[in-house]
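Below is query35.pdb, holding PDB, C-alpha atoms.
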```pdb
ATOM      1  CA  MET A   1      66.946  87.779 -87.987
ATOM      2  CA  LYS A   2      63.946  85.654 -88.975
ATOM      3  CA  ILE A   3      64.656  83.201 -91.802
ATOM      4  CA  ALA A   4      62.011  81.039 -93.471
ATOM      5  CA  ALA A   5      62.201  78.313 -96.092
ATOM      6  CA  ILE A   6      59.634  78.252 -98.899
ATOM      7  CA  ILE A   7      58.861  74.964-100.635
ATOM      8  CA  PRO A   8      56.347  75.032-103.487
ATOM      9  CA  VAL A   9      54.915  71.535-103.974
ATOM     10  CA  LYS A  10      53.101  70.575-107.157
ATOM     11  CA  THR A  11      50.278  68.042-106.924
ATOM     12  CA  PHE A  12      52.088  64.700-106.887
ATOM     13  CA  SER A  13      50.002  63.290-109.745
ATOM     14  CA  ASN A  14      51.178  66.163-111.969
ATOM     15  CA  ALA A  15      54.826  66.079-110.892
ATOM     16  CA  LYS A  16      57.918  64.441-112.361
ATOM     17  CA  THR A  17      56.402  63.841-115.782
ATOM     18  CA  ARG A  18      59.838  63.239-117.334
ATOM     19  CA  LEU A  19      60.515  60.194-115.181
ATOM     20  CA  ASP A  20      59.856  56.807-116.760
ATOM     21  CA  LEU A  21      57.938  55.569-113.722
ATOM     22  CA  SER A  22      54.380  54.564-112.936
ATOM     23  CA  GLN A  23      52.046  57.109-111.371
ATOM     24  CA  LYS A  24      52.293  55.342-107.999
ATOM     25  CA  GLN A  25      56.103  55.257-108.165
ATOM     26  CA  LYS A  26      56.279  58.979-108.941
ATOM     27  CA  GLU A  27      53.951  59.817-106.068
ATOM     28  CA  ASP A  28      55.932  57.622-103.662
ATOM     29  CA  LEU A  29      59.178  59.242-104.821
ATOM     30  CA  CYS A  30      57.723  62.723-104.270
ATOM     31  CA  LYS A  31      56.706  61.754-100.734
ATOM     32  CA  VAL A  32      60.157  60.381 -99.847
ATOM     33  CA  MET A  33      61.953  63.433-101.231
ATOM     34  CA  LEU A  34      59.631  65.950 -99.581
ATOM     35  CA  GLU A  35      59.782  64.236 -96.211
ATOM     36  CA  GLU A  36      63.591  64.187 -96.281
ATOM     37  CA  ILE A  37      64.049  67.842 -97.204
ATOM     38  CA  LEU A  38      61.490  68.881 -94.578
ATOM     39  CA  TYR A  39      63.313  66.847 -91.949
ATOM     40  CA  VAL A  40      66.657  68.474 -92.796
ATOM     41  CA  ILE A  41      65.245  71.998 -92.847
ATOM     42  CA  SER A  42      63.339  71.396 -89.606
ATOM     43  CA  ILE A  43      66.571  70.614 -87.736
ATOM     44  CA  SER A  44      68.521  73.509 -89.247
ATOM     45  CA  PRO A  45      69.330  75.937 -86.414
ATOM     46  CA  GLN A  46      69.145  78.903 -88.784
ATOM     47  CA  ILE A  47      65.691  78.386 -90.266
ATOM     48  CA  GLU A  48      62.827  79.444 -88.039
ATOM     49  CA  LYS A  49      59.860  78.351 -90.130
ATOM     50  CA  ILE A  50      58.977  76.236 -93.170
ATOM     51  CA  ILE A  51      56.292  77.415 -95.585
ATOM     52  CA  ILE A  52      54.756  74.836 -97.926
ATOM     53  CA  VAL A  53      52.616  76.132-100.778
ATOM     54  CA  THR A  54      50.490  73.354-102.224
ATOM     55  CA  LYS A  55      47.060  71.818-102.665
ATOM     56  CA  GLU A  56      48.405  68.250-102.492
ATOM     57  CA  GLU A  57      46.773  66.562 -99.483
ATOM     58  CA  LYS A  58      49.641  64.122 -98.981
ATOM     59  CA  ALA A  59      52.139  67.024 -98.918
ATOM     60  CA  ILE A  60      49.961  68.877 -96.412
ATOM     61  CA  ALA A  61      49.948  65.828 -94.140
ATOM     62  CA  ILE A  62      53.734  65.497 -94.369
ATOM     63  CA  GLY A  63      54.209  69.227 -93.760
ATOM     64  CA  LYS A  64      52.125  69.139 -90.593
ATOM     65  CA  LYS A  65      54.467  66.501 -89.150
ATOM     66  CA  PHE A  66      57.232  69.124 -89.315
ATOM     67  CA  ASN A  67      55.091  72.049 -88.067
ATOM     68  CA  ALA A  68      55.203  73.749 -91.448
ATOM     69  CA  ILE A  69      52.903  76.616 -92.302
ATOM     70  CA  ILE A  70      50.625  75.403 -95.085
ATOM     71  CA  ILE A  71      49.424  77.856 -97.722
ATOM     72  CA  ILE A  72      46.820  76.342-100.009
ATOM     73  CA  ASP A  73      47.481  77.058-103.665
ATOM     74  CA  GLU A  74      44.175  76.131-105.263
ATOM     75  CA  LYS A  75      45.064  77.469-108.723
ATOM     76  CA  GLU A  76      48.534  75.892-108.877
ATOM     77  CA  GLU A  77      49.370  78.204-111.766
ATOM     78  CA  SER A  78      53.158  78.262-111.403
ATOM     79  CA  VAL A  79      56.068  78.059-108.994
ATOM     80  CA  ASN A  80      56.347  81.849-109.195
ATOM     81  CA  ASN A  81      52.756  82.301-108.091
ATOM     82  CA  ALA A  82      53.312  79.856-105.218
ATOM     83  CA  VAL A  83      56.390  81.783-104.057
ATOM     84  CA  ALA A  84      54.470  85.060-104.256
ATOM     85  CA  LEU A  85      51.811  83.632-101.915
ATOM     86  CA  ALA A  86      54.522  82.657 -99.432
ATOM     87  CA  ASP A  87      56.225  86.056 -99.782
ATOM     88  CA  LYS A  88      52.988  87.788 -98.815
ATOM     89  CA  TYR A  89      52.676  85.685 -95.660
ATOM     90  CA  LEU A  90      56.315  86.242 -94.668
ATOM     91  CA  LEU A  91      56.187  90.006 -95.195
ATOM     92  CA  GLU A  92      52.991  90.256 -93.147
ATOM     93  CA  ASN A  93      54.680  88.293 -90.351
ATOM     94  CA  ASN A  94      57.921  90.288 -90.312
ATOM     95  CA  TYR A  95      60.356  87.749 -91.686
ATOM     96  CA  HIS A  96      63.651  89.095 -92.990
ATOM     97  CA  VAL A  97      65.036  86.331 -95.222
ATOM     98  CA  SER A  98      63.490  83.645 -97.402
ATOM     99  CA  ILE A  99      65.073  80.610 -99.014
ATOM    100  CA  VAL A 100      63.182  78.957-101.857
ATOM    101  CA  PHE A 101      63.958  75.250-102.173
ATOM    102  CA  PRO A 102      62.498  72.669-104.573
ATOM    103  CA  GLN A 103      61.089  69.497-103.076
ATOM    104  CA  ASP A 104      63.400  67.212-105.091
ATOM    105  CA  ILE A 105      66.820  67.664-103.465
ATOM    106  CA  PRO A 106      66.704  64.796-100.940
ATOM    107  CA  TYR A 107      70.458  64.671-100.306
ATOM    108  CA  ILE A 108      70.571  68.151 -98.754
ATOM    109  CA  LYS A 109      72.177  68.328 -95.292
ATOM    110  CA  THR A 110      72.069  70.974 -92.571
ATOM    111  CA  GLN A 111      75.715  71.868 -93.163
ATOM    112  CA  ASP A 112      74.808  72.725 -96.756
ATOM    113  CA  ILE A 113      72.352  75.326 -95.489
ATOM    114  CA  ASP A 114      74.946  76.705 -93.075
ATOM    115  CA  PHE A 115      77.566  76.911 -95.822
ATOM    116  CA  MET A 116      75.201  78.743 -98.148
ATOM    117  CA  LEU A 117      74.047  81.225 -95.521
ATOM    118  CA  ASN A 118      77.637  82.096 -94.629
ATOM    119  CA  TYR A 119      77.551  84.252 -97.747
ATOM    120  CA  MET A 120      75.056  86.612 -96.123
ATOM    121  CA  THR A 121      77.213  89.687 -95.715
ATOM    122  CA  HIS A 122      74.824  92.556 -96.274
ATOM    123  CA  PRO A 123      71.182  93.417 -95.428
ATOM    124  CA  ASN A 124      70.379  93.651 -99.137
ATOM    125  CA  PHE A 125      71.476  90.503-100.918
ATOM    126  CA  ALA A 126      70.684  87.430-102.985
ATOM    127  CA  ILE A 127      72.273  83.977-102.957
ATOM    128  CA  ILE A 128      71.663  81.580-105.832
ATOM    129  CA  VAL A 129      72.533  77.884-105.977
ATOM    130  CA  PRO A 130      72.099  76.510-109.508
ATOM    131  CA  SER A 131      70.953  73.050-110.506
ATOM    132  CA  ARG A 132      73.535  70.511-111.627
ATOM    133  CA  ARG A 133      72.992  71.425-115.299
ATOM    134  CA  PHE A 134      72.923  75.156-114.568
ATOM    135  CA  ASP A 135      69.468  75.485-116.083
ATOM    136  CA  GLY A 136      67.487  75.847-112.872
ATOM    137  CA  THR A 137      67.681  77.378-109.396
ATOM    138  CA  ASN A 138      67.853  74.916-106.502
ATOM    139  CA  ALA A 139      68.125  77.515-103.742
ATOM    140  CA  LEU A 140      67.272  81.197-103.869
ATOM    141  CA  VAL A 141      67.961  83.354-100.818
ATOM    142  CA  ARG A 142      66.493  86.852-100.754
ATOM    143  CA  MET A 143      66.851  89.626 -98.204
ATOM    144  CA  PRO A 144      64.603  91.482 -98.051
ATOM    145  CA  ILE A 145      62.003  88.932 -99.060
ATOM    146  CA  ASP A 146      60.596  91.238-101.727
ATOM    147  CA  LEU A 147      64.034  92.036-103.168
ATOM    148  CA  MET A 148      63.004  90.510-106.512
ATOM    149  CA  LYS A 149      60.311  88.425-108.126
ATOM    150  CA  THR A 150      61.135  84.855-109.023
ATOM    151  CA  HIS A 151      61.441  83.425-112.537
ATOM    152  CA  TYR A 152      61.178  79.665-112.267
ATOM    153  CA  ASP A 153      60.476  77.333-115.190
ATOM    154  CA  GLU A 154      62.285  79.541-117.724
ATOM    155  CA  ASP A 155      66.051  78.910-117.528
ATOM    156  CA  SER A 156      65.690  80.326-114.046
ATOM    157  CA  TYR A 157      69.328  80.278-112.950
ATOM    158  CA  LYS A 158      70.517  82.835-115.515
ATOM    159  CA  ILE A 159      67.415  84.983-115.171
ATOM    160  CA  HIS A 160      67.644  84.975-111.367
ATOM    161  CA  MET A 161      71.297  86.005-111.536
ATOM    162  CA  ASN A 162      70.555  88.872-113.910
ATOM    163  CA  THR A 163      67.438  89.974-112.050
ATOM    164  CA  ALA A 164      69.224  89.934-108.680
ATOM    165  CA  LYS A 165      72.005  92.115-110.080
ATOM    166  CA  GLU A 166      69.389  94.665-111.153
ATOM    167  CA  HIS A 167      68.281  95.020-107.529
ATOM    168  CA  THR A 168      71.464  94.695-105.489
ATOM    169  CA  LEU A 169      75.247  94.670-105.861
ATOM    170  CA  ASN A 170      75.405  91.813-103.359
ATOM    171  CA  VAL A 171      74.757  88.667-105.340
ATOM    172  CA  ALA A 172      76.511  85.377-104.560
ATOM    173  CA  MET A 173      76.491  82.315-106.792
ATOM    174  CA  VAL A 174      77.208  79.423-104.458
ATOM    175  CA  PHE A 175      77.994  75.841-105.453
ATOM    176  CA  VAL A 176      76.638  73.335-102.935
ATOM    177  CA  LYS A 177      76.711  69.927-104.573
ATOM    178  CA  ARG A 178      73.969  68.225-102.562
ATOM    179  CA  ILE A 179      71.611  71.153-103.179
ATOM    180  CA  MET A 180      72.495  71.079-106.889
ATOM    181  CA  TRP A 181      71.434  67.432-107.205
ATOM    182  CA  ASP A 182      67.766  67.564-108.135
ATOM    183  CA  VAL A 183      65.608  64.934-109.834
ATOM    184  CA  ASP A 184      63.957  65.937-113.109
ATOM    185  CA  ASN A 185      64.574  62.924-115.327
ATOM    186  CA  ASP A 186      65.826  59.340-115.295
ATOM    187  CA  GLU A 187      69.461  60.384-115.686
ATOM    188  CA  ASP A 188      69.180  62.593-112.584
ATOM    189  CA  LEU A 189      67.739  59.711-110.598
ATOM    190  CA  GLU A 190      70.498  57.364-111.725
ATOM    191  CA  PHE A 191      73.128  59.999-110.868
ATOM    192  CA  LEU A 192      71.629  60.495-107.413
ATOM    193  CA  LEU A 193      71.720  56.794-106.622
ATOM    194  CA  GLU A 194      75.387  56.624-107.611
ATOM    195  CA  GLN A 195      76.337  59.138-104.906
ATOM    196  CA  ASN A 196      77.280  57.727-101.527
ATOM    197  CA  GLU A 197      75.625  60.460 -99.450
ATOM    198  CA  LYS A 198      72.465  59.135 -97.808
ATOM    199  CA  PRO A 199      72.321  55.337 -98.030
ATOM    200  CA  GLN A 200      68.977  55.130 -96.204
ATOM    201  CA  ILE A 201      67.293  57.520 -98.622
ATOM    202  CA  ALA A 202      68.910  55.795-101.600
ATOM    203  CA  GLU A 203      67.544  52.480-100.345
ATOM    204  CA  LYS A 204      64.023  53.909-100.059
ATOM    205  CA  ILE A 205      64.259  55.208-103.627
ATOM    206  CA  ARG A 206      65.558  51.889-104.934
ATOM    207  CA  LYS A 207      62.644  50.055-103.323
ATOM    208  CA  ILE A 208      60.236  52.410-105.084
ATOM    209  CA  LEU A 209      61.968  51.812-108.416
ATOM    210  CA  GLU A 210      61.903  48.038-107.892
ATOM    211  CA  SER A 211      58.222  47.938-106.987
ATOM    212  CA  ASN A 212      55.828  46.743-109.693
ATOM    213  CA  GLN A 213      53.133  49.356-109.221
TER     214      GLN A 213
END
```
Just give me the structure as structure tokens.
Amino acid sequence: MKIAAIIPVKTFSNAKTRLDLSQKQKEDLCKVMLEEILYVISISPQIEKIIIVTKEEKAIAIGKKFNAIIIIDEKEESVNNAVALADKYLLENNYHVSIVFPQDIPYIKTQDIDFMLNYMTHPNFAIIVPSRRFDGTNALVRMPIDLMKTHYDEDSYKIHMNTAKEHTLNVAMVFVKRIMWDVDNDEDLEFLLEQNEKPQIAEKIRKILESNQ
């Protein structure tokens, strides 16, 4: 069974607008988070390929370090459009399962991916991991890949749950804390740094926050 991870990456200069950081700090934070999630996914024994959908040159350079397939998203219209571009590639190349991850869950570990995928019990299924505030979707597993369209940026967790149930009886809501910890605002960043999960990554983030840039 061929499993791929999809990571849509917004242009760094347009990302994380709710963080009270300088432009340089936000870009540096995006780079640290993306590099960490790509590293974790790249060593996951269950994921065969990583697909990055972006037009951000720095993200493309990071993705190439981890042998990711790069799909250029020149329009950068939405996360949903980015996922649709990746879906097309995966269907054309005979992949069976996709997992959509955001780029801002740097505390994810390989065992989190294993735990989530243990819920795959049927060839027609969806697995949804919500964000910490249950307003977003921090992992979306679909088999087949075209089981359902995605609905990011619009209270996506509830909509994904309801949409998945319209297409299959096999829908699992899975709580994986490190996947649920994303970074949208200053409170999220503070919460992340309070968790004793990845001291090296936390230290990199603190250095970015302490820099006067």
Residues of region 4-98 of chain A at most 9 Å from region 193-209 of chain A: nearest atom pair and distance in Å, all atoms listed in the file, as JSON lines:
```
{"residue": "A:Leu21", "atom": "CA", "partner": "A:Leu209", "partner_atom": "CA", "distance": 7.6}
{"residue": "A:Lys24", "atom": "CA", "partner": "A:Ile208", "partner_atom": "CA", "distance": 9.0}
{"residue": "A:Gln25", "atom": "CA", "partner": "A:Ile208", "partner_atom": "CA", "distance": 5.9}
{"residue": "A:Lys26", "atom": "CA", "partner": "A:Ile208", "partner_atom": "CA", "distance": 8.6}
{"residue": "A:Asp28", "atom": "CA", "partner": "A:Ile208", "partner_atom": "CA", "distance": 6.9}
{"residue": "A:Leu29", "atom": "CA", "partner": "A:Ile205", "partner_atom": "CA", "distance": 6.6}
{"residue": "A:Val32", "atom": "CA", "partner": "A:Lys204", "partner_atom": "CA", "distance": 7.5}
{"residue": "A:Met33", "atom": "CA", "partner": "A:Ile201", "partner_atom": "CA", "distance": 8.4}
{"residue": "A:Glu36", "atom": "CA", "partner": "A:Ile201", "partner_atom": "CA", "distance": 8.0}
```
Which residues match the PyMOL selection byres ((chain A and resi 156) around 12) in the file above, as a PyMOL selection string?
chain A and resi 79-80+128-131+133-140+149-155+157-164
Legend entry - Hits of the PyMOL selection byres ((chain A and resi 117-119) around 10) in this structure, as an NGL selection string: :A and (46 or 99 or 111-116 or 120-122 or 125-127 or 141 or 170-174)
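Counting all atoms listed in the file, the residue from A:Asp104, A:Glu35, A:Asp182, A:Asp188 that sits nearest to Lys65 (chain A) is A:Glu35.
In this comparison, which uses only C-alpha atoms, the residue of A:Ile145, A:Ala68, A:Val9, A:Ile47 approaching Glu92 (chain A) most closely is A:Ile145.
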Hits from the PyMOL selection byres ((chain A and resi 74) around 8), listed as a CSV table (one decimal) with C-alpha atoms, in the frame of the given file:
```
chain,number,residue,atom,x,y,z
A,54,THR,CA,50.5,73.4,-102.2
A,55,LYS,CA,47.1,71.8,-102.7
A,72,ILE,CA,46.8,76.3,-100.0
A,73,ASP,CA,47.5,77.1,-103.7
A,75,LYS,CA,45.1,77.5,-108.7
A,76,GLU,CA,48.5,75.9,-108.9
```
Using all atoms listed in the file, which residues sit within 8 Å of Cys30 (chain A) once same-chain residues fewer than 5 positions away are excluded, as a ChimeraX atom specification? /A:12,15,103-104
One decimal place gives the CA of Ala84 (chain A)-CA of His167 (chain A) separation as 17.3 Å
